[in-house]
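Beneath this line is the structure, given in structure tokens, with notes to follow.
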Amino acid sequence: MKKLIIAAVLAGVSLSASAAETINFGTEAGYVPFEFVDSNNKIQGFDIDLANAMCKQMQATCTFTNQSFDSLIPSLKFRRIDAVISGMDITAERQKQVSFTNAYYDNTATFFAQKGKFADLAALKGKRVGIQNGTTHQRFLQDKHPEITAVPYDSYQNAVLDLKNGRIDAVFGDTAVVHEFITKNPTLSTLGEPVTDKTYFGNGVGIAVRKNNTELLGKMNDALAKVRQDGTYKALYTKWFTQ
């Protein structure tokens, strides 16, 4: 009888462990400090730490798939991943395809170029500006600044490399990421004021889930609220953005 009871308990434990939810996040790990691959080939960053903290609240396991930014929403829609956390701006256009959690980061966008090369944004007329393919930065340039040639890249690292080598004239990206690039490259500097056009930026950054996955969306919003309340979010923000 004891053996049967022990076996039943062990089976219950095993069932509980196997029933633990696994959430596979898609991300483009080339966007310091949101997500990047470190020297040990491990994905790190603010988004990764935040996702892990939220999964802890949900008693779930996080996994991360590194892929190109413009493939993230298609992969989500075709169920290759469960969610997207990748410094993704909440926009009306994207909300037609996916659902977003409450915003977890307030964002703006900034141009940067070789220090002293351009006096202002007007000087970029007819120039080549690097952006990441599939981003709101690309759409903003195409819609609002057709006088500027938008040059798409698979990653901002490649855009910055071309900027430093003179193959493009400027780069346009998230302000926090631009700050990281400029800190590490003293020959570069910002150009003009941060852009806050709410059609493209200023609505915040969110985690994307499939339109019909209301259960996961609710869990994530609850978990996000809890990590804000218990001080975890503040600690992560300080770690990645203010040190």
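Each chain in the structure tokens gets a letter, A, B, ..., in the order shown, and its residues are numbered from 1; ligands are numbered from 1 in order too.
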Which residues of range 160-201 of chain A sit at most 7 Å from range 104-124 of chain A, using only C-alpha atoms? Give each one's shortest atom pair and distance in Å (one decimal place), in chain and ascending residue order, as CSV.
residue,atom,partner,partner_atom,distance
A:Asp169,CA,A:Ala113,CA,6.4
A:Ala170,CA,A:Ala113,CA,4.4
A:Val171,CA,A:Phe112,CA,5.5
A:Phe172,CA,A:Phe111,CA,4.4
A:Gly173,CA,A:Ala109,CA,5.4
A:Asp174,CA,A:Ala109,CA,4.3
A:Thr175,CA,A:Ala109,CA,4.8
A:Val178,CA,A:Thr110,CA,6.9
A:Thr187,CA,A:Lys115,CA,5.5
A:Leu188,CA,A:Gln114,CA,4.5
A:Ser189,CA,A:Lys115,CA,5.0
A:Thr190,CA,A:Phe112,CA,4.1
A:Leu191,CA,A:Phe112,CA,5.1
A:Gly192,CA,A:Asp120,CA,5.9
A:Glu193,CA,A:Thr110,CA,6.9
A:Pro194,CA,A:Thr110,CA,4.8
A:Val195,CA,A:Ala109,CA,5.0
A:Thr196,CA,A:Thr108,CA,5.4
A:Phe201,CA,A:Thr108,CA,5.8
For the selection you just gave me, I'd like the residues written to a file as a PDB file, in the first residue's frame, keeping C-alpha atoms.
ATOM      1  CA  ASP A 169      25.187  59.082 -43.818  1.00  0.00           C
ATOM      2  CA  ALA A 170      23.186  58.469 -40.615  1.00  0.00           C
ATOM      3  CA  VAL A 171      21.225  55.862 -38.659  1.00  0.00           C
ATOM      4  CA  PHE A 172      17.769  56.156 -37.086  1.00  0.00           C
ATOM      5  CA  GLY A 173      16.832  53.982 -34.083  1.00  0.00           C
ATOM      6  CA  ASP A 174      15.412  53.817 -30.562  1.00  0.00           C
ATOM      7  CA  THR A 175      16.874  56.506 -28.309  1.00  0.00           C
ATOM      8  CA  VAL A 178      21.339  55.067 -29.946  1.00  0.00           C
ATOM      9  CA  THR A 187      33.087  59.684 -33.201  1.00  0.00           C
ATOM     10  CA  LEU A 188      29.272  59.495 -33.451  1.00  0.00           C
ATOM     11  CA  SER A 189      26.683  61.917 -32.068  1.00  0.00           C
ATOM     12  CA  THR A 190      22.918  62.463 -32.075  1.00  0.00           C
ATOM     13  CA  LEU A 191      21.288  64.651 -34.689  1.00  0.00           C
ATOM     14  CA  GLY A 192      18.226  66.728 -33.826  1.00  0.00           C
ATOM     15  CA  GLU A 193      15.708  66.130 -31.057  1.00  0.00           C
ATOM     16  CA  PRO A 194      14.150  62.720 -30.244  1.00  0.00           C
ATOM     17  CA  VAL A 195      11.098  61.884 -32.379  1.00  0.00           C
ATOM     18  CA  THR A 196       7.839  61.344 -30.454  1.00  0.00           C
ATOM     19  CA  PHE A 201       6.543  56.108 -31.402  1.00  0.00           C
TER      20      PHE A 201
END
DSSP on the backbone, helix (DSSP H, G or I) only: what residues of range 9-85 of chain A does that give? Format it as a ChimeraX atom specification. /A:9-19,46-58,69-77
Keeping only C-alpha atoms, write the selected residues to a file as a PDB file, in the first residue's frame.
ATOM      1  CA  VAL A   9       2.630  10.973  -5.199  1.00  0.00           C
ATOM      2  CA  LEU A  10       5.628  10.739  -7.517  1.00  0.00           C
ATOM      3  CA  ALA A  11       3.344  10.488 -10.521  1.00  0.00           C
ATOM      4  CA  GLY A  12       1.525  13.594  -9.345  1.00  0.00           C
ATOM      5  CA  VAL A  13       4.789  15.496  -8.971  1.00  0.00           C
ATOM      6  CA  SER A  14       5.895  14.396 -12.412  1.00  0.00           C
ATOM      7  CA  LEU A  15       2.571  15.409 -13.930  1.00  0.00           C
ATOM      8  CA  SER A  16       2.741  18.816 -12.243  1.00  0.00           C
ATOM      9  CA  ALA A  17       6.272  19.414 -13.520  1.00  0.00           C
ATOM     10  CA  SER A  18       5.402  18.388 -17.062  1.00  0.00           C
ATOM     11  CA  ALA A  19       2.314  20.599 -16.960  1.00  0.00           C
ATOM     12  CA  PHE A  46      16.590  44.217 -20.357  1.00  0.00           C
ATOM     13  CA  ASP A  47      13.861  42.422 -22.329  1.00  0.00           C
ATOM     14  CA  ILE A  48      15.296  39.015 -21.462  1.00  0.00           C
ATOM     15  CA  ASP A  49      15.526  39.782 -17.744  1.00  0.00           C
ATOM     16  CA  LEU A  50      12.003  41.221 -17.768  1.00  0.00           C
ATOM     17  CA  ALA A  51      10.569  38.191 -19.571  1.00  0.00           C
ATOM     18  CA  ASN A  52      12.249  35.834 -17.101  1.00  0.00           C
ATOM     19  CA  ALA A  53      10.905  37.842 -14.156  1.00  0.00           C
ATOM     20  CA  MET A  54       7.404  37.711 -15.622  1.00  0.00           C
ATOM     21  CA  CYS A  55       7.679  33.970 -16.288  1.00  0.00           C
ATOM     22  CA  LYS A  56       8.667  33.478 -12.645  1.00  0.00           C
ATOM     23  CA  GLN A  57       5.466  35.252 -11.621  1.00  0.00           C
ATOM     24  CA  MET A  58       3.478  33.041 -14.006  1.00  0.00           C
ATOM     25  CA  PHE A  69      13.126  41.431 -36.599  1.00  0.00           C
ATOM     26  CA  ASP A  70      10.961  41.425 -39.724  1.00  0.00           C
ATOM     27  CA  SER A  71      10.209  37.703 -39.231  1.00  0.00           C
ATOM     28  CA  LEU A  72       8.957  38.033 -35.642  1.00  0.00           C
ATOM     29  CA  ILE A  73       5.288  38.846 -36.271  1.00  0.00           C
ATOM     30  CA  PRO A  74       4.935  36.280 -39.091  1.00  0.00           C
ATOM     31  CA  SER A  75       6.493  33.631 -36.814  1.00  0.00           C
ATOM     32  CA  LEU A  76       4.043  34.562 -34.083  1.00  0.00           C
ATOM     33  CA  LYS A  77       1.043  34.385 -36.405  1.00  0.00           C
TER      34      LYS A  77
END
Choose the residue, out of A:Val160, A:Ala176, A:Leu216, A:Val84, that has the smallest atom-to-atom separation from Val129 in chain A; count only C-alpha atoms.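 Counting only C-alpha atoms, the residue closest to Val129 in chain A is A:Val160.
Proximity ranking of A:Gln44, A:Thr91, A:Asn24, A:Asn133 relative to Ala159 in chain A places A:Asn133 first, based on only C-alpha atoms.
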Residues of range 52-155 of chain A classed as strand (DSSP E) by DSSP on the backbone are to be reported as a list in words. Ala60, Thr61, Cys62, Thr63, Phe64, Thr65, Asn66, Ala83, Val84, Val98, Ser99, Phe100, Ala109, Thr110, Phe111, Phe112, Ala113, Gln114, Arg128, Val129, Gly130, Ile131, Gln132, Thr149, Ala150, Val151, Pro152 and Tyr153 of chain A
Restricting the calculation to only C-alpha atoms, which member of A:Lys198, A:Lys164, A:Lys127, A:Lys96 is positioned closest to Ile148 in chain A?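 The closest residue to Ile148 in chain A is A:Lys127.
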What gap, in Å, lies between CA of Gly134 in chain A and CA of Glu28 in chain A? 11.6 Å
Among the residues A:Met88, A:Thr242, A:Ala29, A:Thr199, the one that comes closest to Phe140 in chain A [using only C-alpha atoms]: A:Thr199
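For the pair CA of Thr183 in chain A and CA of Gly87 in chain A, the separation is 19.4 Å.
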Quick one: residues within 7 Å of Gly206 in chain A, only C-alpha atoms, excluding same-chain residues fewer than 6 positions away - as a ChimeraX atom specification? /A:88-90,100-104
With C-alpha atoms retained, export the selected residues as an mmCIF file, in the first residue's frame.
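Result written to part.cif:
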data_model
loop_
_atom_site.group_PDB
_atom_site.id
_atom_site.type_symbol
_atom_site.label_atom_id
_atom_site.label_comp_id
_atom_site.auth_asym_id
_atom_site.auth_seq_id
_atom_site.Cartn_x
_atom_site.Cartn_y
_atom_site.Cartn_z
ATOM 1 C CA MET A 88 8.749 46.422 -30.347
ATOM 2 C CA ASP A 89 6.796 49.680 -30.528
ATOM 3 C CA ILE A 90 3.042 49.443 -30.071
ATOM 4 C CA PHE A 100 0.101 43.822 -27.168
ATOM 5 C CA THR A 101 0.504 43.777 -23.422
ATOM 6 C CA ASN A 102 0.428 47.037 -21.531
ATOM 7 C CA ALA A 103 3.483 49.117 -22.410
ATOM 8 C CA TYR A 104 6.584 48.258 -20.389
#
